[in-house]
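Colleague: File follows, structure-v5.txt with compact mmCIF, C-alpha atoms:
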```
# COMPACT_ATOMS: atom_id res chain seq x y z
CA MET A 127 11.74 -97.18 -18.52
CA MET A 128 13.99 -94.36 -17.26
CA LYS A 129 15.98 -94.54 -20.47
CA THR A 130 12.86 -94.24 -22.63
CA ASN A 131 11.70 -91.12 -20.74
CA ARG A 132 15.15 -89.53 -21.13
CA ILE A 133 15.09 -90.16 -24.89
CA LYS A 134 11.58 -88.66 -25.11
CA ASN A 135 12.69 -85.53 -23.19
CA LEU A 136 15.72 -85.16 -25.41
CA LYS A 137 13.55 -85.38 -28.56
CA LYS A 138 11.14 -82.77 -27.14
CA ARG A 139 14.01 -80.40 -26.29
CA ASN A 140 15.45 -80.79 -29.81
CA ALA A 141 12.06 -80.10 -31.38
CA ILE A 142 11.61 -76.91 -29.29
CA PHE A 143 15.15 -75.80 -30.17
CA PHE A 144 14.55 -76.23 -33.91
CA ALA A 145 11.18 -74.50 -33.71
CA VAL A 146 12.76 -71.48 -31.97
CA LEU A 147 15.58 -71.48 -34.54
CA LEU A 148 13.05 -71.56 -37.41
CA ILE A 149 11.00 -68.69 -35.97
CA CYS A 150 14.17 -66.61 -35.48
CA ALA A 151 15.38 -67.34 -39.02
CA THR A 152 12.11 -66.43 -40.71
CA GLY A 153 11.52 -63.45 -38.44
CA CYS A 154 14.98 -62.01 -39.03
CA SER A 155 14.82 -62.47 -42.82
CA LYS A 156 11.89 -60.04 -43.09
CA SER A 157 13.26 -56.64 -43.74
CA ASP A 158 11.73 -53.74 -41.90
CA PRO A 159 10.63 -51.10 -44.40
CA GLU A 160 11.86 -48.37 -42.05
CA TRP A 161 15.39 -49.76 -42.26
CA SER A 162 15.53 -49.97 -46.06
CA VAL A 163 17.01 -47.14 -48.09
CA ASP A 164 14.48 -45.21 -50.17
CA PRO A 165 15.63 -45.91 -53.75
CA VAL A 166 13.84 -42.95 -55.33
CA ILE A 167 15.38 -39.52 -55.79
CA PRO A 168 13.13 -37.15 -53.83
CA VAL A 169 10.69 -35.13 -55.96
CA TYR A 170 8.05 -32.89 -54.46
CA LEU A 171 5.40 -30.71 -55.99
CA SER A 172 6.17 -27.13 -55.12
CA GLY A 173 3.73 -25.51 -57.53
CA ILE A 174 1.73 -25.83 -60.72
CA GLU A 175 1.33 -23.87 -63.94
CA SER A 176 -1.74 -24.20 -66.14
CA VAL A 177 -1.91 -23.59 -69.88
CA ASN A 178 -4.60 -23.52 -72.57
CA ILE A 179 -4.52 -26.40 -75.04
CA ASN A 180 -6.19 -26.76 -78.42
CA ASN A 181 -7.37 -30.36 -78.86
CA ALA A 182 -9.23 -29.95 -82.16
CA GLY A 183 -6.80 -31.97 -84.28
CA GLN A 184 -5.10 -35.31 -83.94
CA TYR A 185 -2.48 -34.00 -81.51
CA PRO A 186 -3.15 -31.38 -78.82
CA PHE A 187 -0.95 -28.26 -78.59
CA THR A 188 -0.59 -25.31 -76.23
CA THR A 189 -1.84 -22.03 -77.66
CA THR A 190 -2.91 -18.47 -76.98
CA GLU A 191 -5.09 -18.36 -80.11
CA PRO A 192 -8.89 -18.89 -80.00
CA ILE A 193 -10.03 -22.49 -79.57
CA LYS A 194 -13.26 -24.28 -80.45
CA LYS A 195 -15.21 -24.51 -77.20
CA GLU A 196 -15.79 -28.27 -77.75
CA ALA A 197 -12.06 -28.88 -78.12
CA TYR A 198 -10.69 -26.99 -75.12
CA MET A 199 -8.26 -28.61 -72.73
CA ILE A 200 -6.26 -27.45 -69.70
CA GLY A 201 -2.67 -28.59 -69.36
CA ILE A 202 -0.70 -28.63 -66.10
CA ARG A 203 3.05 -28.28 -65.72
CA TRP A 204 4.43 -29.42 -62.37
CA VAL A 205 6.90 -27.20 -60.61
CA THR A 206 9.06 -29.63 -58.67
CA ASP A 207 11.62 -29.57 -55.91
CA ASN A 208 14.28 -32.25 -55.30
CA SER A 209 15.39 -31.24 -51.82
CA ASP A 210 14.62 -33.85 -49.15
CA PRO A 211 12.59 -32.36 -46.30
CA ASP A 212 14.22 -34.89 -43.90
CA GLY A 213 17.67 -33.65 -44.88
CA ASP A 214 18.88 -37.13 -45.88
CA GLN A 215 22.27 -36.77 -47.65
CA SER A 216 22.94 -40.45 -48.55
CA ILE A 217 23.06 -41.81 -52.09
CA THR A 218 19.75 -43.42 -53.13
CA GLY A 219 19.92 -47.20 -53.36
CA PRO A 220 19.18 -49.36 -56.39
CA VAL A 221 15.57 -49.95 -57.37
CA ASN A 222 14.55 -53.51 -56.57
CA THR A 223 12.93 -55.60 -59.26
CA GLY A 224 9.15 -55.92 -59.31
CA GLU A 225 8.53 -52.45 -57.98
CA SER A 226 7.02 -50.84 -61.08
CA ARG A 227 3.84 -48.94 -60.32
CA TYR A 228 1.59 -46.19 -61.59
CA GLN A 229 2.32 -43.25 -59.37
CA ASN A 230 3.03 -39.59 -59.85
CA ILE A 231 3.84 -36.75 -57.54
CA ALA A 232 0.39 -35.21 -57.89
CA ASP A 233 -1.46 -38.38 -56.88
CA ASN A 234 -1.91 -37.25 -53.29
CA TYR A 235 -3.60 -34.02 -54.32
CA THR A 236 -7.29 -33.34 -54.77
CA LYS A 237 -7.72 -31.41 -58.01
CA ARG A 238 -10.42 -28.84 -58.62
CA ILE A 239 -11.15 -26.43 -61.44
CA TYR A 240 -13.09 -23.19 -60.96
CA CYS A 241 -14.19 -20.77 -63.67
CA ASN A 242 -12.86 -17.24 -63.30
CA THR A 243 -15.40 -16.01 -65.86
CA VAL A 244 -19.06 -16.83 -66.47
CA PHE A 245 -19.11 -20.41 -67.72
CA ASN A 246 -22.79 -20.50 -68.71
CA SER A 247 -26.15 -19.40 -67.30
CA ARG A 248 -25.96 -22.01 -64.51
CA ASN A 249 -22.33 -21.49 -63.57
CA PRO A 250 -21.36 -17.91 -62.73
CA ALA A 251 -17.75 -16.78 -62.27
CA GLY A 252 -16.15 -18.61 -59.36
CA ALA A 253 -18.26 -21.77 -59.77
CA ASN A 254 -16.68 -25.18 -59.37
CA VAL A 255 -16.73 -26.74 -62.84
CA SER A 256 -14.46 -29.70 -62.03
CA GLN A 257 -17.16 -32.23 -62.97
CA TYR A 258 -17.12 -30.99 -66.58
CA PHE A 259 -13.46 -31.94 -67.00
CA LYS A 260 -11.94 -35.38 -67.48
CA GLU A 261 -8.30 -36.30 -67.04
CA VAL A 262 -6.58 -37.68 -70.14
CA ASN A 263 -3.16 -39.11 -70.73
CA TYR A 264 -2.33 -37.86 -74.24
CA LEU A 265 -0.54 -34.58 -73.78
CA PRO A 266 1.70 -32.18 -75.66
CA ALA A 267 5.40 -32.33 -74.85
CA GLY A 268 6.30 -30.69 -71.57
CA ILE A 269 2.82 -31.02 -70.07
CA ASN A 270 2.46 -33.33 -67.07
CA GLU A 271 -1.30 -33.55 -66.70
CA GLY A 272 -4.25 -32.65 -68.90
CA PHE A 273 -8.00 -32.21 -68.45
CA VAL A 274 -10.40 -32.09 -71.38
CA LEU A 275 -13.57 -30.03 -71.13
CA LEU A 276 -16.53 -32.27 -71.99
CA VAL A 277 -19.29 -29.68 -71.47
CA ALA A 278 -18.91 -26.73 -73.80
CA PRO A 279 -19.21 -23.30 -72.13
CA ASP A 280 -20.90 -20.29 -73.67
CA ALA A 281 -18.83 -18.75 -76.44
CA GLY A 282 -16.61 -15.92 -75.25
CA GLU A 283 -13.46 -15.28 -73.26
CA HIS A 284 -12.76 -17.73 -70.46
CA SER A 285 -10.20 -18.35 -67.75
CA PHE A 286 -10.03 -21.20 -65.25
CA ARG A 287 -8.37 -21.60 -61.86
CA VAL A 288 -6.78 -24.99 -61.16
CA VAL A 289 -6.40 -25.81 -57.46
CA TYR A 290 -4.38 -28.75 -56.07
CA THR A 291 -4.81 -29.52 -52.35
CA ASN A 292 -3.23 -32.35 -50.37
CA GLU A 293 -4.19 -33.95 -47.04
CA ASP A 294 -1.88 -31.63 -45.10
CA GLY A 295 -3.76 -28.64 -46.46
CA GLU A 296 -0.90 -27.67 -48.77
CA GLN A 297 -2.42 -25.90 -51.77
CA HIS A 298 -1.14 -24.95 -55.23
CA GLU A 299 -3.22 -22.94 -57.65
CA TYR A 300 -2.79 -21.26 -61.03
CA ASP A 301 -5.06 -19.31 -63.35
CA THR A 302 -5.07 -19.98 -67.07
CA GLU A 303 -4.63 -17.03 -69.39
CA LEU A 304 -7.83 -15.53 -70.72
CA ILE A 305 -8.66 -17.30 -73.97
CA LYS A 306 -11.40 -16.94 -76.54
CA LEU A 307 -13.56 -20.06 -76.94
CA TYR A 308 -15.84 -20.04 -80.02
CA MET B 105 -35.87 -95.23 -141.66
CA LYS B 106 -33.21 -92.59 -140.91
CA LYS B 107 -34.47 -92.30 -137.35
CA VAL B 108 -34.27 -96.04 -136.85
CA LEU B 109 -30.75 -96.11 -138.22
CA SER B 110 -29.70 -93.22 -135.97
CA LEU B 111 -31.19 -94.89 -132.91
CA PHE B 112 -29.53 -98.17 -133.82
CA SER B 113 -26.14 -96.41 -134.21
CA ILE B 114 -26.50 -94.72 -130.81
CA LEU B 115 -27.45 -98.01 -129.20
CA LEU B 116 -24.49 -99.73 -130.81
CA LEU B 117 -22.13 -96.98 -129.64
CA TRP B 118 -23.51 -97.09 -126.11
CA CYS B 119 -23.16 -100.87 -125.99
CA THR B 120 -19.57 -100.66 -127.26
CA VAL B 121 -18.64 -97.94 -124.71
CA SER B 122 -20.33 -99.69 -121.80
CA VAL B 123 -18.75 -103.02 -122.67
CA LYS B 124 -15.33 -101.34 -122.94
CA ALA B 125 -15.88 -99.48 -119.63
CA GLN B 126 -17.02 -102.69 -117.99
CA ASP B 127 -13.91 -104.43 -119.31
CA ALA B 128 -11.72 -101.58 -118.07
CA GLN B 129 -13.45 -101.65 -114.69
CA ASN B 130 -13.05 -105.38 -114.42
CA THR B 131 -9.39 -105.10 -115.38
CA GLN B 132 -8.83 -102.26 -112.90
CA ASN B 133 -10.82 -104.03 -110.18
CA LEU B 134 -8.46 -106.93 -110.48
CA ARG B 135 -5.43 -104.70 -109.99
CA GLU B 136 -6.76 -102.03 -107.62
CA PRO B 137 -6.30 -102.20 -103.87
CA ARG B 138 -9.23 -101.57 -101.52
CA VAL B 139 -7.39 -98.93 -99.53
CA TRP B 140 -4.94 -96.33 -100.81
CA PHE B 141 -3.45 -92.94 -99.99
CA ASP B 142 -3.11 -89.77 -102.04
CA LEU B 143 -0.68 -86.95 -101.55
CA GLN B 144 -1.69 -83.73 -103.25
CA ILE B 145 -0.80 -80.12 -103.60
CA ALA B 146 -3.73 -77.85 -104.41
CA GLN B 147 -4.02 -74.21 -105.33
CA SER B 148 -7.39 -72.51 -104.91
CA PHE B 149 -8.53 -69.01 -105.79
CA GLY B 150 -11.53 -67.26 -104.34
CA PHE B 151 -13.77 -65.46 -106.74
CA ASN B 152 -15.55 -63.24 -104.24
CA ASN B 153 -14.50 -61.20 -101.20
CA TRP B 154 -14.92 -62.12 -97.54
CA ASN B 155 -17.20 -59.15 -96.95
CA ARG B 156 -18.70 -56.33 -98.99
CA VAL B 157 -17.14 -53.87 -96.48
CA LYS B 158 -13.71 -53.22 -97.96
CA PHE B 159 -12.14 -52.49 -94.56
CA ALA B 160 -13.27 -55.91 -93.31
CA SER B 161 -12.15 -57.81 -96.41
CA ASP B 162 -8.79 -56.11 -96.64
CA ARG B 163 -7.85 -57.09 -93.10
CA LEU B 164 -8.44 -60.82 -93.60
CA PRO B 165 -6.07 -63.11 -95.53
CA ARG B 166 -6.53 -62.90 -99.28
CA THR B 167 -8.95 -65.46 -100.64
CA SER B 168 -6.44 -67.82 -102.11
CA SER B 169 -4.96 -70.91 -100.57
CA THR B 170 -2.09 -73.30 -101.23
CA ASP B 171 -2.66 -76.63 -99.51
CA LEU B 172 -0.71 -79.81 -99.01
CA ARG B 173 -2.98 -82.68 -98.12
CA ALA B 174 -2.97 -86.40 -97.54
CA THR B 175 -6.09 -88.40 -98.36
CA PHE B 176 -7.13 -91.79 -97.11
CA ASN B 177 -9.42 -93.65 -99.53
CA ILE B 178 -11.31 -96.85 -98.89
CA TYR B 179 -13.89 -98.63 -101.02
CA LEU B 180 -17.18 -99.24 -99.27
CA PHE B 181 -18.52 -101.15 -102.25
CA ARG B 182 -16.99 -100.74 -105.66
CA PRO B 183 -17.06 -98.19 -107.25
CA VAL B 184 -18.16 -96.09 -104.21
CA GLY B 185 -15.84 -95.33 -101.35
CA PHE B 186 -15.18 -93.16 -98.33
CA PHE B 187 -12.38 -90.62 -98.09
CA CYS B 188 -10.88 -88.48 -95.37
CA ASP B 189 -8.17 -85.91 -95.91
CA MET B 190 -6.11 -83.68 -93.70
CA GLY B 191 -4.01 -80.83 -94.89
CA ILE B 192 -2.08 -77.78 -94.01
CA GLY B 193 -2.23 -74.65 -96.07
CA ILE B 194 -1.17 -71.09 -96.36
CA MET B 195 -3.13 -67.98 -97.29
CA PRO B 196 -1.44 -64.75 -98.43
CA ALA B 197 -1.15 -61.74 -96.12
CA PRO B 198 -4.08 -59.33 -95.83
CA ARG B 199 -3.99 -56.25 -98.06
CA ASP B 200 -3.90 -54.00 -94.97
CA GLY B 201 -2.92 -54.47 -91.37
CA PHE B 202 -4.64 -52.53 -88.61
CA SER B 203 -2.71 -49.36 -89.38
CA GLU B 204 -5.75 -47.17 -89.97
CA PRO B 205 -8.68 -48.19 -87.76
CA ASP B 206 -10.08 -44.67 -88.14
CA ALA B 207 -10.71 -45.47 -91.82
CA GLN B 208 -13.74 -47.53 -90.82
CA ALA B 209 -15.17 -45.15 -88.20
CA THR B 210 -18.83 -44.89 -89.21
CA LEU B 211 -20.07 -43.02 -86.14
CA SER B 212 -21.18 -39.84 -87.82
CA SER B 213 -20.94 -39.38 -91.55
CA GLY B 214 -18.70 -36.58 -92.72
CA ILE B 215 -16.78 -36.20 -89.42
CA PRO B 216 -13.18 -37.32 -89.59
CA TYR B 217 -11.68 -39.42 -86.80
CA TYR B 218 -8.07 -39.88 -85.78
CA THR B 219 -6.48 -42.99 -84.33
CA LYS B 220 -5.02 -42.06 -80.96
CA GLU B 221 -3.91 -45.53 -80.03
CA ILE B 222 -4.36 -49.14 -81.12
CA THR B 223 -4.92 -51.01 -77.87
CA VAL B 224 -5.62 -54.53 -79.14
CA GLU B 225 -4.26 -56.04 -82.32
CA ASN B 226 -5.04 -59.68 -82.76
CA GLY B 227 -4.51 -60.99 -86.24
CA SER B 228 -1.96 -61.68 -88.87
CA ARG B 229 -0.15 -59.10 -90.95
CA THR B 230 1.73 -61.78 -92.85
CA ALA B 231 0.76 -64.97 -94.66
CA SER B 232 -1.16 -67.22 -92.31
CA GLY B 233 -1.26 -70.97 -92.01
CA HIS B 234 -4.36 -73.08 -91.52
CA PHE B 235 -5.47 -76.64 -90.99
CA LYS B 236 -8.08 -78.35 -93.15
CA MET B 237 -9.98 -81.58 -92.77
CA THR B 238 -12.49 -83.07 -95.22
CA PHE B 239 -14.40 -86.31 -95.32
CA GLY B 240 -17.05 -87.67 -97.65
CA LEU B 241 -17.76 -90.08 -100.46
CA PHE B 242 -16.21 -90.71 -103.84
CA GLY B 243 -16.93 -92.77 -106.88
CA LYS B 244 -14.48 -94.16 -109.38
CA ILE B 245 -15.42 -94.44 -113.05
CA PRO B 246 -12.83 -96.05 -115.30
CA ALA B 247 -12.54 -94.38 -118.68
CA THR B 248 -9.81 -96.52 -120.17
CA GLU B 249 -7.52 -99.18 -118.82
CA LYS B 250 -5.13 -96.53 -117.52
CA ILE B 251 -7.31 -93.50 -116.87
CA SER B 252 -10.17 -93.15 -114.45
CA VAL B 253 -12.35 -90.27 -113.29
CA SER B 254 -13.39 -89.89 -109.64
CA PRO B 255 -15.95 -87.39 -108.37
CA TYR B 256 -15.49 -86.55 -104.70
CA PHE B 257 -18.05 -84.89 -102.48
CA GLY B 258 -17.16 -83.97 -98.93
CA ILE B 259 -17.73 -81.69 -96.01
CA GLY B 260 -14.94 -80.20 -93.97
CA PHE B 261 -13.64 -77.36 -91.90
CA MET B 262 -10.76 -74.95 -92.06
CA SER B 263 -9.23 -73.38 -88.97
CA MET B 264 -8.08 -69.80 -89.18
CA THR B 265 -7.23 -66.82 -87.03
CA ALA B 266 -10.14 -64.52 -86.21
CA PRO B 267 -8.72 -61.02 -86.04
CA THR B 268 -9.75 -58.44 -83.46
CA CYS B 269 -8.77 -54.79 -83.38
CA GLU B 270 -9.48 -52.25 -80.69
CA ALA B 271 -8.48 -48.63 -80.98
CA ILE B 272 -9.05 -45.26 -79.36
CA LEU B 273 -10.44 -42.84 -81.92
CA LYS B 274 -10.67 -39.08 -81.52
CA GLU B 275 -13.29 -36.96 -83.21
CA GLN B 276 -12.03 -33.95 -85.13
CA ASP B 277 -12.80 -30.50 -83.63
CA THR B 278 -14.04 -31.89 -80.32
CA ASN B 279 -12.63 -33.58 -77.24
CA MET B 280 -14.77 -36.68 -77.81
CA GLN B 281 -13.05 -40.03 -77.97
CA TYR B 282 -14.40 -43.47 -78.70
CA MET B 283 -13.20 -47.00 -78.17
CA ALA B 284 -13.69 -48.75 -81.50
CA ARG B 285 -13.78 -52.53 -81.46
CA TYR B 286 -13.70 -54.44 -84.76
CA GLN B 287 -14.34 -58.17 -84.86
CA TRP B 288 -14.61 -60.77 -87.54
CA PHE B 289 -16.43 -64.12 -87.88
CA GLY B 290 -19.33 -63.30 -85.59
CA GLN B 291 -17.53 -63.31 -82.29
CA ASP B 292 -19.52 -61.85 -79.42
CA GLU B 293 -18.79 -58.13 -79.47
CA TYR B 294 -19.08 -57.89 -75.69
CA ASP B 295 -16.72 -60.77 -75.07
CA ASN B 296 -13.56 -59.44 -73.51
CA GLU B 297 -11.59 -62.64 -73.87
CA TYR B 298 -8.92 -62.19 -76.47
CA ASP B 299 -7.43 -65.68 -76.04
CA ASN B 300 -9.90 -67.41 -78.31
CA SER B 301 -8.58 -65.93 -81.51
CA SER B 302 -9.09 -68.91 -83.82
CA THR B 303 -12.23 -69.89 -85.62
CA SER B 304 -13.21 -72.71 -87.92
CA LEU B 305 -15.10 -72.31 -91.16
CA GLY B 306 -17.13 -75.17 -92.53
CA TYR B 307 -17.18 -75.95 -96.24
CA LEU B 308 -18.55 -78.25 -98.89
CA ALA B 309 -16.06 -79.58 -101.40
CA PHE B 310 -16.73 -80.91 -104.87
CA ARG B 311 -13.72 -82.45 -106.57
CA LEU B 312 -13.19 -84.14 -109.88
CA ARG B 313 -10.05 -86.20 -109.99
CA PHE B 314 -8.41 -87.78 -112.99
CA THR B 315 -6.14 -90.72 -112.27
CA TYR B 316 -3.49 -92.01 -114.63
CA ARG B 317 -2.06 -95.38 -113.76
CA VAL B 318 1.73 -95.32 -114.05
CA SER B 319 2.39 -98.65 -112.40
CA PRO B 320 0.30 -101.06 -110.34
CA LYS B 321 1.40 -99.21 -107.19
CA LEU B 322 1.60 -95.62 -108.40
CA ASN B 323 -0.95 -93.28 -109.96
CA LEU B 324 -0.66 -89.68 -111.06
CA LEU B 325 -3.50 -87.40 -110.04
CA PHE B 326 -4.86 -84.28 -111.61
CA GLY B 327 -7.92 -82.61 -110.22
CA ALA B 328 -10.24 -79.66 -110.34
CA GLU B 329 -12.17 -78.60 -107.30
CA TYR B 330 -14.84 -76.24 -106.09
CA THR B 331 -15.22 -75.27 -102.43
CA TRP B 332 -18.19 -73.44 -100.97
CA PHE B 333 -18.13 -71.97 -97.48
CA PRO B 334 -21.60 -71.70 -95.92
CA ASP B 335 -20.09 -69.88 -92.90
CA ARG B 336 -20.01 -66.16 -93.48
CA ALA B 337 -17.16 -63.84 -92.58
CA ASP B 338 -19.34 -61.49 -90.54
CA PHE B 339 -17.79 -58.24 -89.40
CA SER B 340 -18.98 -56.23 -86.43
CA GLU B 341 -18.01 -52.79 -85.20
CA THR B 342 -18.79 -51.42 -81.75
CA TYR B 343 -18.15 -47.85 -80.63
CA THR B 344 -18.05 -46.97 -76.95
CA ASN B 345 -17.78 -43.52 -75.41
CA TYR B 346 -14.24 -43.42 -74.02
CA PHE B 347 -15.19 -41.20 -71.08
CA ASN B 348 -18.29 -42.94 -69.74
CA ARG B 349 -18.12 -46.39 -71.40
CA ASN B 350 -21.57 -46.10 -72.94
CA ILE B 351 -21.99 -48.11 -76.12
CA VAL B 352 -22.78 -45.55 -78.78
CA LYS B 353 -23.16 -47.70 -81.85
CA THR B 354 -22.99 -51.36 -82.88
CA ILE B 355 -23.14 -52.48 -86.47
CA ARG B 356 -22.93 -55.98 -87.85
CA HIS B 357 -22.10 -56.52 -91.51
CA GLU B 358 -23.05 -59.91 -92.85
CA GLY B 359 -20.18 -61.49 -94.70
CA ASN B 360 -20.18 -63.24 -98.06
CA ARG B 361 -20.19 -66.97 -98.58
CA LEU B 362 -16.82 -67.65 -100.06
CA ASN B 363 -16.48 -69.62 -103.30
CA MET B 364 -13.16 -71.04 -104.37
CA LEU B 365 -12.00 -72.83 -107.50
CA GLY B 366 -8.83 -74.82 -107.53
CA LEU B 367 -6.52 -77.24 -109.26
CA SER B 368 -4.60 -80.07 -107.71
CA LEU B 369 -1.71 -82.33 -108.59
CA GLY B 370 -0.56 -85.38 -106.76
CA ILE B 371 0.29 -89.01 -106.54
CA SER B 372 -1.61 -92.00 -105.30
CA PHE B 373 0.02 -95.08 -103.77
```
Written as structure tokens, how would this file's structure read?
Modeller:
Amino acid sequence: MMKTNRIKNLKKRNAIFFAVLLICATGCSKSDPEWSVDPVIPVYLSGIESVNINNAGQYPFTTTEPIKKEAYMIGIRWVTDNSDPDGDQSITGPVNTGESRYQNIADNYTKRIYCNTVFNSRNPAGANVSQYFKEVNYLPAGINEGFVLLVAPDAGEHSFRVVYTNEDGEQHEYDTELIKLY
Amino acid sequence: MKKVLSLFSILLLWCTVSVKAQDAQNTQNLREPRVWFDLQIAQSFGFNNWNRVKFASDRLPRTSSTDLRATFNIYLFRPVGFFCDMGIGIMPAPRDGFSEPDAQATLSSGIPYYTKEITVENGSRTASGHFKMTFGLFGKIPATEKISVSPYFGIGFMSMTAPTCEAILKEQDTNMQYMARYQWFGQDEYDNEYDNSSTSLGYLAFRLRFTYRVSPKLNLLFGAEYTWFPDRADFSETYTNYFNRNIVKTIRHEGNRLNMLGLSLGISF
């Protein structure tokens, strides 16, 4: 009887030991994201530049010439900075497999477009006309983002202000050159 | 008197022919097995297009087919029997691939469109294979001791790839873009499943086969055939506003019923 109880206790102790071992092994194998090396070279948005784009043909192109008002598009060039704000000097690690994702440095910014000139009878100079633009992904070379104008303004000379704002209140803005839309 | 003589001559000729045919049939019946197999190669040519819309026709395989088929024949009661054949075939490549989806853009007449991107391309640019199956009835009429004529009538189906093309089109002189979706063979234009890319076309086949007996176990076959496809190669086009996903236009073009004439050669054993 004594012997049977001893065997039972021994089995119980072994089971607890293996359970603790298993928990430790699985717990330790999980890597803490704070410990891992950031594999991406730091890139930060330090400013933007906006340009006028003619989208009348098959391929859009930047221009200073008059554009059809139904085929106007604003292009954005990112001004970037590679210095790490944390001052980390170590070499970036390799990129792990399965980490592909759609992400760009302007994703964390709210984008707005204002007209610097009278857009139409309902939208005076300074009005927010963001809702008339739509982001597109076919762009001329050297342009990082593009917004097509889907509501034609009154014919005449126009300029737009593009404003990028992030959660920290950091703001970048740029005015397009005055261009004739006909 | 002349009329009587003519009628008598015709009667005599008919009697002679029918007696000879009966003799030939009796002779053949004695030698012929109840069940036999044919192996044939057939070449068929279509004499109309898949669809009156050139864009739709040019993006389907050309209407000609080279088939290799095996036929199982069995007499139900002489001289009428049942047949079933299975075959594989090849149709030549379409005249055009999906290189210019803007060529079909019928949104607004007179406004040119550009292809920005082809997002879905489901179809064959090269020669495409297919599977065919036919079953029906045949009759065998002996002409001489060595030659017989067999009319075949059957129904069948042919499997083939149903192409789909989806492209982003841009309107000239404006920022407007459209998603153009082109589909063949009456697939549901709102169906987003691209997996089901094959379709089957039903047909009626009329064949006339001439058999020449080489030996008691081997016959040579020569045939002419006509195939009629009651299933139409319908073509539908749907245009959706790229920016708000509103369907702007849907058009369905009824296809033609394909007619094909062909010749076949083979052996029977």
Colleague: Between atom CA of A:Ser172 and atom CA of A:Phe187, what distance in Å does the model show, to one decimal?
Modeller: 24.6 Å
Colleague: Give me the chain B side of the contact with chain A, cut-off 10 Å, one line per residue showing its nearest atom pair and distance in Å at one decimal, counting only C-alpha atoms, sorted by chain and residue number, as a Markdown table.
Modeller:
```
| residue | atom | partner | partner_atom | distance |
| --- | --- | --- | --- | --- |
| B:Pro216 | CA | A:Gly183 | CA | 9.9 |
| B:Tyr217 | CA | A:Gln184 | CA | 8.3 |
| B:Tyr218 | CA | A:Gln184 | CA | 5.8 |
| B:Thr219 | CA | A:Gln184 | CA | 7.8 |
| B:Lys220 | CA | A:Gln184 | CA | 7.4 |
| B:Glu221 | CA | A:Tyr264 | CA | 9.7 |
| B:Leu273 | CA | A:Gln184 | CA | 9.4 |
| B:Lys274 | CA | A:Gln184 | CA | 7.1 |
| B:Glu275 | CA | A:Ala182 | CA | 8.2 |
| B:Gln276 | CA | A:Gly183 | CA | 5.7 |
| B:Asp277 | CA | A:Ala182 | CA | 3.9 |
| B:Thr278 | CA | A:Ala197 | CA | 4.2 |
| B:Asn279 | CA | A:Ala197 | CA | 4.8 |
| B:Met280 | CA | A:Leu276 | CA | 7.5 |
| B:Phe347 | CA | A:Lys260 | CA | 7.6 |
```
Colleague: Keeping only C-alpha atoms, write the selected residues to a file as a tab-separated table (two decimals), in the coordinates of the input.
Modeller:
```tsv
chain	number	residue	atom	x	y	z
B	216	PRO	CA	-13.18	-37.32	-89.59
B	217	TYR	CA	-11.68	-39.42	-86.80
B	218	TYR	CA	-8.07	-39.88	-85.78
B	219	THR	CA	-6.48	-42.99	-84.33
B	220	LYS	CA	-5.02	-42.06	-80.96
B	221	GLU	CA	-3.91	-45.53	-80.03
B	273	LEU	CA	-10.44	-42.84	-81.92
B	274	LYS	CA	-10.67	-39.08	-81.52
B	275	GLU	CA	-13.29	-36.96	-83.21
B	276	GLN	CA	-12.03	-33.95	-85.13
B	277	ASP	CA	-12.80	-30.50	-83.63
B	278	THR	CA	-14.04	-31.89	-80.32
B	279	ASN	CA	-12.63	-33.58	-77.24
B	280	MET	CA	-14.77	-36.68	-77.81
B	347	PHE	CA	-15.19	-41.20	-71.08
```
Colleague: Could you check which of B:Leu305, B:Ile222, B:Leu312, B:Ala337 is closest to B:Gly359, using all atoms listed in the file?
Modeller: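 Of B:Leu305, B:Ile222, B:Leu312, B:Ala337, the one nearest B:Gly359, counting all atoms listed in the file, is B:Ala337.
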Colleague: So the first atom is atom CA of A:Gly201 and the second is atom CA of A:Asn249; what is the distance between them in Å, to one decimal place?
Modeller: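 Here the two named atoms are 21.7 Å from each other.
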Colleague: Would you mind reading off the distance between atom CA of B:Gln144 and atom CA of B:Gly227, one decimal, in Å?
Modeller: 28.5 Å
Colleague: Using all atoms listed in the file, find the one residue out of A:Asn246, A:Ile202, A:Val166, A:Ile305 that sits nearest to A:Asn263.
Modeller: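 The answer is A:Ile202, which sits nearest to A:Asn263.
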Colleague: For B:Asn363, work out the shell of residues within 7 Å, counting all atoms listed in the file and skipping chain neighbours fewer than 3 positions away, then give it as a list in words.
Modeller: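 Those residues are Gly150, Phe151, Asn152, Thr331, Trp332 and Phe333 of chain B.
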Colleague: I'd like the neighbourhood of A:Glu299 as a ChimeraX atom specification, where a residue qualifies if any of its atoms comes within 12 Å (using all atoms listed in the file), though same-chain residues fewer than 2 positions away should be ignored.
Modeller: /A:171-176,202-205,235-240,286-292,296-297,301-302
Colleague: Set the distance at 9 Å and use all atoms listed in the file: which residues neighbour B:Asp189 once local chain neighbours fewer than 3 positions away are removed? I'd like the list as JSON, numbers by chain.
Modeller: {"B": [142, 173, 174, 175, 176, 177, 236, 237, 238, 239]}
Colleague: Mind dumping the selected residues with C-alpha atoms as a JSON list (two decimals), in the frame of the given file?
Modeller:
```json
[["chain", "number", "residue", "atom", "x", "y", "z"],
["B", 142, "ASP", "CA", -3.11, -89.77, -102.04],
["B", 173, "ARG", "CA", -2.98, -82.68, -98.12],
["B", 174, "ALA", "CA", -2.97, -86.40, -97.54],
["B", 175, "THR", "CA", -6.09, -88.40, -98.36],
["B", 176, "PHE", "CA", -7.13, -91.79, -97.11],
["B", 177, "ASN", "CA", -9.42, -93.65, -99.53],
["B", 236, "LYS", "CA", -8.08, -78.35, -93.15],
["B", 237, "MET", "CA", -9.98, -81.58, -92.77],
["B", 238, "THR", "CA", -12.49, -83.07, -95.22],
["B", 239, "PHE", "CA", -14.40, -86.31, -95.32]]
```
